[in-house]
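**Q** Let me begin by handing over the structure; questions about it come next.
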Amino acid sequence: MISKRIAAALAGATTVSLLLVACGDNGGGQSSASGDSVKSLTVLDYYNNDPDKSLVQKGLDSCASQLGITIQRETVPGDTLIQKVLQQASSKTLPDVLMLDNPDVQQIAATGALAPLNDMGLSGDGVIKGMVDATSYDGKLYGLAPVTNTIALFYNKDMLAEAGVQPPKTWEELKAAAKKLTKPGRYGMAFNANATYEGSWQFLPAMWTNGGDETDLTSPQVAEALQLWVDLVKSGSASKSVINWTQGDVKDQFVAGKAAMMINGPWQIPALQKTPNVKWDVVTFPLNKPDQTPVAPLGGEAWTVPLNKDQAKQQKAGDFVKCLNSDENELAWAKARFTIPTKTALLDQYVKEVPSMKAFTEQVKTARARTGKLGDKWPDAAKVIYQAIQLALTGKASAQDAFKQASGG
Amino acid sequence: MGMVTLTRTTVAGREKVRGRRHRGESLTKVLFVLPAAVAMVALFGYPVVKNLLMSLQDYGLKTFFTGAAPWVGLKNYSTVVTDKLFSDAMLNTALFTVGSIAFQFAIGLGLALFFHKKFPLSGVLRSLLLLPWLLPLIVSSATWRSILEQDNGILNRTLLKLHLIGDPVPWLNSPSVALIAVIGVNIWIGIPFNVTLLYSGLAEIPDELYEAGQLDGATGWRSFWYITWPNLRAVASVLLMLGVVYTIKVLDIILGLTGGGPANATQTLATQSYEKSFIDFKFGQGAALSNILIAISFVFAIFYLRGTRRAVDE
């Protein structure tokens with residue numbers, strides 16, 4: 001009887017203590033260091049794999065030592081960052097410095113979670129316009145991206161030489177080249193047309209280069225761009241599996257010699273360098289008509305400062321973001337991580353030092369931000385784009401009707 | 001106020017009369033129930049209630065930062081029900097659930113009967129059969145994705161080499177085939193569960209029944225129909241009900257194989273709910289969809305509870 005009662009008391013006590021632990025989390029944490037005595041900053045980003053993880057760490061460390069502070073950095077996998085940010089936002093534990101993928105900046109800024117950088121003495125002067133568009137909301141700057149990237153056309157030099165094909169400059173040449181390069185076990189062209197934002201991102205060079213616009217997705221220019229994707233798949237020059245491929249899958253096909261050309265970005269270069277027998281080069285995205293200029297979407301991540309009750313800490317975080325966007329750091333990160341500096345003045349010097357990034361740098365000069373026109377409404381448009389691509393490539397709609405069908409309620 | 005004090009003292013007085021020991025005992029009972037009760041409320045009660053409330057709110061990205069989630073009544077429900085994908089998702093959910101369960105059960109029953117006849121290595125083979133169950137779902141679906149790949153997948157290559165098909169089958173690439181492929185993979189995953197439960201159900205049937213039946217001429221099919229099946233019915237009904245509740249909410253397999261595509265051909269209520277919440281960040285609508293899903297599961301759960309209660313009564 002006695003032991004039973006002790007057990008009952010223990011059971012009750014355990015419950016109470018568990019409840020206490022669950023409730024006890026809310027205190028502490030936000031101790032405010034007053035005045036100029038900010039000693040450390042917390043940082044959150046999604047560069048959770050090497051080599052990027054340690055290369056970014058180098059840049060963060062050098063800025064930390066310049067400002068005389070220490071940093072506590074946390075990295076999470078890319079697809080979980082927004083969920084992590086939401087979780088931290090609701091528990092009021094956002095980091096002092098937050099990295100965001102550039103198309104997400106406006107959405108997060110719209111919630112009122114971020115501090116405007118203009119108020120802390122930062123500006124987007126000299127930064128390519130597309131990136132400033134992406135990281136501004138309601139006329140204020142909320143983030144700065146030291147480096148950017150984009151997508152262009154990779155090709156396998158040996159395969160093109162063997163088939164006697166020049167790197168395509170127009171869509172007609174692209175289709176002809178892809179057809180000629182296709183043989184059993186190999187496709188001429190590979191790209192990603194899956195039902196995610198990634199699929200929309202890969203379609204943008206064709207859509208934008210042809211004068212299409214996300215504000216009017218039912219225009220003939222957009223349909224014409226979709227027709228290019230349809231033609232490539234229908235003619236058998238690209239695999240029907242493109243509707244399920246990620247950009248990583250596309251790279252794997254290229255590396256395995258199962259695709260002679262692909263749409264992809266410079267972040268794949270370290271992986272390509274691991275297979276030196278695949279000789280490759282990059283050209284800007286081909287044009288539909290000769291008077292067009294290639295327009296690709298801007299990639300890359302911006303560093304932002306979440307609103308902080310502690311003004312001194314917030315200012316320090318602003319200084320930190322400023323340091324990350326210094327000329328030296330932009331060039332250092334660009335060179336080490338196959339990305340492109342965002343300051344226009346640095347581009348020529350960069351290409352001189354890293355000639356292999358010439359095509360991407362050219363493409364960046366004219367590139368646009370996904371959120372440049374629609375702001376935080378961009379995800380809705382992106383969804384219509386990838387659904388229209390899926391409809392057209394699976395034959396459920398023609399390229400002309402696909403966008404109407406995907407956007408019509 | 002005076003009244004309250006008065007009542008309290010009378011109650012306390014009466015209890016004092018009944019004895020301290022009795023009170024101690026009831027306190028003991030409460031303390032024993034407390035941990036389970038707290039766990040139930042925290043882990044089941046809170047999420048269900050929160051989900052219900054969320055489905056009546058405009059709960060978006062902003063809510064996490066400002067805490068503001070305005071009440072919108074049933075607007076989330078009307079939005080998701082009138083969505084052009086809703087009827088497709090409903091139909092796919094039904095096809096997916098019925099297709100998966102019918103074949104899982106039939107194949108599972110066949111294998112269970114097969115393994116019920118003891119033969120050399122049957123134990124080893126039966127445990128190997130559990131393998132699909134032991135693999136993390138995301139691993140299985142990634143593996144199946146490469147098996148079902150149209151150009152280089154091992155399934156198409158094998159079928160082509162055997163001259164069973166003339167052209168590669170677009171398993172995951174065609175809107176008309178993808179759902180069948182996804183159901184197929186789900187059947188593969190569900191078989192071990194069905195075999196295990198049905199096998200233990202078979203083991204419960206006393207051998208004497210078969211011996212007696214044999215004397216009356218019940219062998220082969222007749223013994224299955226008149227002895228095995230009636231005795232297996234309780235297990236089978238539990239299995240089917242659990243199957244419905246498990247299958248109707250399957251998410252990871254579909255996300256891993258097709259992500260709901262191609263062209264939304266494999267969207268179910270579960271994938272739609274996930275998409276609304278974690279891609280569109282419209283948590284209110286996602287909650288509304290998942291509540292519809294819970295309601296459907298609940299109907300089946302009631303059938304199941306009534307079924308088992310009748311079994312106990314008998």
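Residues in the structure tokens are named by chain (A, B, ... in the order shown) and by number from 1 within that chain; ligands are numbered from 1 in the order shown.
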DSSP on the backbone: what in stretch 111-193 of chain A comes out strand (DSSP E), as an MDAnalysis selection string?
**A** chainID A and resid 136:137 140:141 143:144 147:148 152:156 187:190
**Q** Within 6 Å of chain A, which residues of chain B are there when counting only C-alpha atoms? Please give them as a list in words.
**A**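 Therefore, the residues near the partner are Thr28, Leu31, Phe32, Pro35, Lys62, Phe64, Phe65, Asn173 and Ala263 of chain B.
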**Q** How about saving the chosen residues, C-alpha atoms kept, as a PDB file, in the first residue's frame?
**A**
```
ATOM      1  CA  THR B  28      -3.902   8.144  -5.030  1.00  0.00           C
ATOM      2  CA  LEU B  31      -2.310  10.980  -8.966  1.00  0.00           C
ATOM      3  CA  PHE B  32      -2.122   7.780 -11.005  1.00  0.00           C
ATOM      4  CA  PRO B  35       0.302  11.738 -15.965  1.00  0.00           C
ATOM      5  CA  LYS B  62       2.353  37.395 -40.592  1.00  0.00           C
ATOM      6  CA  PHE B  64       4.088  34.193 -36.585  1.00  0.00           C
ATOM      7  CA  PHE B  65       5.562  37.655 -36.258  1.00  0.00           C
ATOM      8  CA  ASN B 173       5.909  10.966 -65.959  1.00  0.00           C
ATOM      9  CA  ALA B 263       0.262  18.009 -63.536  1.00  0.00           C
TER      10      ALA B 263
END
```
**Q** Rounded to one decimal, what separation in Å do you get between atom CA of A:Leu100 and atom CA of A:Ala302?
**A**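 Answer for the atom CA of A:Leu100 to atom CA of A:Ala302 separation: 5.4 Å.
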**Q** So, with only C-alpha atoms as the atoms that count, which of A:Asn192, A:Gln363, A:Thr342, A:Asn156 lies closest to A:Ala260?
**A**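 Looking only at the distances to A:Ala260, the closest residue turns out to be A:Asn156.
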